[in-house]
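K.L.:
A single structure is presented below for examination.
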There are 2 protein chains.
Amino acid sequence: MREEFQADLNEVSRLLVTMAEAVRAALRKATSALLTADLKAAESVIERDIEIDAIYQQVETKVADTIARQAPVASDLRMVITALHISADLERMGDLAEHVAKTAQRRHPSPAVPAELRPVFKGMSEVADQMAAKIADLLGKPDAEQAAALESADDAMDELERQLFKVLLDDDWPYGAETAIDGALLGRFYERYADHAVNIGEQLVFLVTGQPVDGQS
Amino acid sequence: MREEFQADLNEVSRLLVTMAEAVRAALRKATSALLTADLKAAESVIERDIEIDAIYQQVETKVADTIARQAPVASDLRMVITALHISADLERMGDLAEHVAKTAQRRHPSPAVPAELRPVFKGMSEVADQMAAKIADLLGKPDAEQAAALESADDAMDELERQLFKVLLDDDWPYGAETAIDGALLGRFYERYADHAVNIGEQLVFLVTGQPVDGQS
């Protein structure tokens with residue numbers, strides 16, 4: 001029974017790793033669509049979000065199947081429930097990548113982001129990409145210390161968001177309200193993506209240490 | 001066993017109703033803080049978000065306890081897992097109410113919303129309030145038709161968001177980028193609150209009809 005349970009858990013983990021890699025690829029491509037006004041890339045991210053949703057459903061089915069067949073209790077049960085939370089966060093990260101792509105699509109053929117904002121979005125996308133990579137890695141081998149390091153990456157994201165708003169709110173901002181709003185919403189999409197990555201890190205810490213998780217922020 | 005399981009489910013439902021009522025009250029108060037620049041109301045919403053997070057933890061604990069003791073399978077198991085999803089959506093609705101309150105707090109003593117945008121935010125808050133009320137109601141007695149009606153309320157929210165952006169993006173917008181950005185983000189908070197309400201409606205439909213739920217959008 002124990003071996004079967006472990007095999008089920010391994011399969012859930014593999015699905016989560018696939019999902020983490022998919023949401024990582026989605027945001028990379030969405031960022032490229034955003035920064036180079038690449039309509040095809042944007043459309044591809046939007047079309048492929050259903051693949052991420054499909055893995056989300058697979059995780060859910062596999063977890064329900066595991067609970068029903070193995071009747072796990074205590075920490076085993078917590079582990080499978082944690083997998084549900086992680087997949088919900090990953091699914092949402094996929095949606096946020098899709099929102100970035102939709103912004104690029106809506107403004108095409110104009111670039112959604114003026115030249116002076118490109119460095120900050122490039123920075124945000126790099127932080128987000130490292131976080132997604134770390135998650136895919138940690139899902140394979142959970143490590144509380146490494147998972148907690150996601151929080152400092154999130155601090156870097158918050159700092160980039162402050163820089164972004166400093167530019168958007170400058171008295172000399174020359175691009176009007178629409179571009180300011182797009183910039184603020186895009187900043188929020190990257191920042192939320194990072195927040196979900198931090199949530200996943202907390203879930204992983206919980207898996208490893210048994211310490212309770214704070215409410216999502 | 002069956003009676004015990006039903007009693008456990010009833011307790012989970014009661015917790016979810018309490019949570020729905022709490023997130024409804026939070027957004028009402030946050031809206032009032034926003035539209036009347038009421039700092040105390042804003043602070044109260046922010047402080048009390050931990051109460052919503054605490055109920056979220058209680059749902060999680062109660063669900064794990066129910067699964068461990070009753071070992072539900074098939075549709076019974078789906079029902080308890082659905083409760084987890086609903087509580088996660090409610091928890092996020094609480095966070096969004098808190099975001100509205102924080103915007104009011106940050107701009108105090110100035111109003112965050114100029115006079116001509118107040119009607120649209122009043123409209124958004126009324127739609128959101130009706131949706132939260134409907135959810136509290138449906139958690140007591142699930143009804144697929146009523147739950148599906150949440151989608152038309154969401155259409156009303158989307159229409160209000162379009163009206164909001166029409167004002168924000170008008171060439172004659174006189175309030176500068178910061179107020180435009182606040183307006184766009186606030187609009188998004190209400191719209192996301194409604195999206196989570198729709199998700200909950202879909203979960204309820206799933207509970208009643210057994211039809212699969214789409215990925216969250």
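Ligands are numbered from 1 in the order shown, chains are lettered A, B, ... in the order of the structure tokens, and residues start at 1 in each chain.
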If the cut-off is 7 Å, can you tell me the residues of chain B near chain A, counting only C-alpha atoms? I'd like them as a count of residues only.
P.N.:
14
K.L.:
Can you work out which one of B:Asp8, B:Met93, B:Val80, B:Val100 has the shortest atom-to-atom distance to Val45 (chain B), counting only C-alpha atoms?
P.N.:
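Comparing B:Asp8, B:Met93, B:Val80, B:Val100 against Val45 (chain B), the winner is B:Val100.
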K.L.:
What is the distance, in Å and to one decimal place, between CA of Pro109 (chain B) and CA of Arg48 (chain B)?
P.N.:
21.5 Å
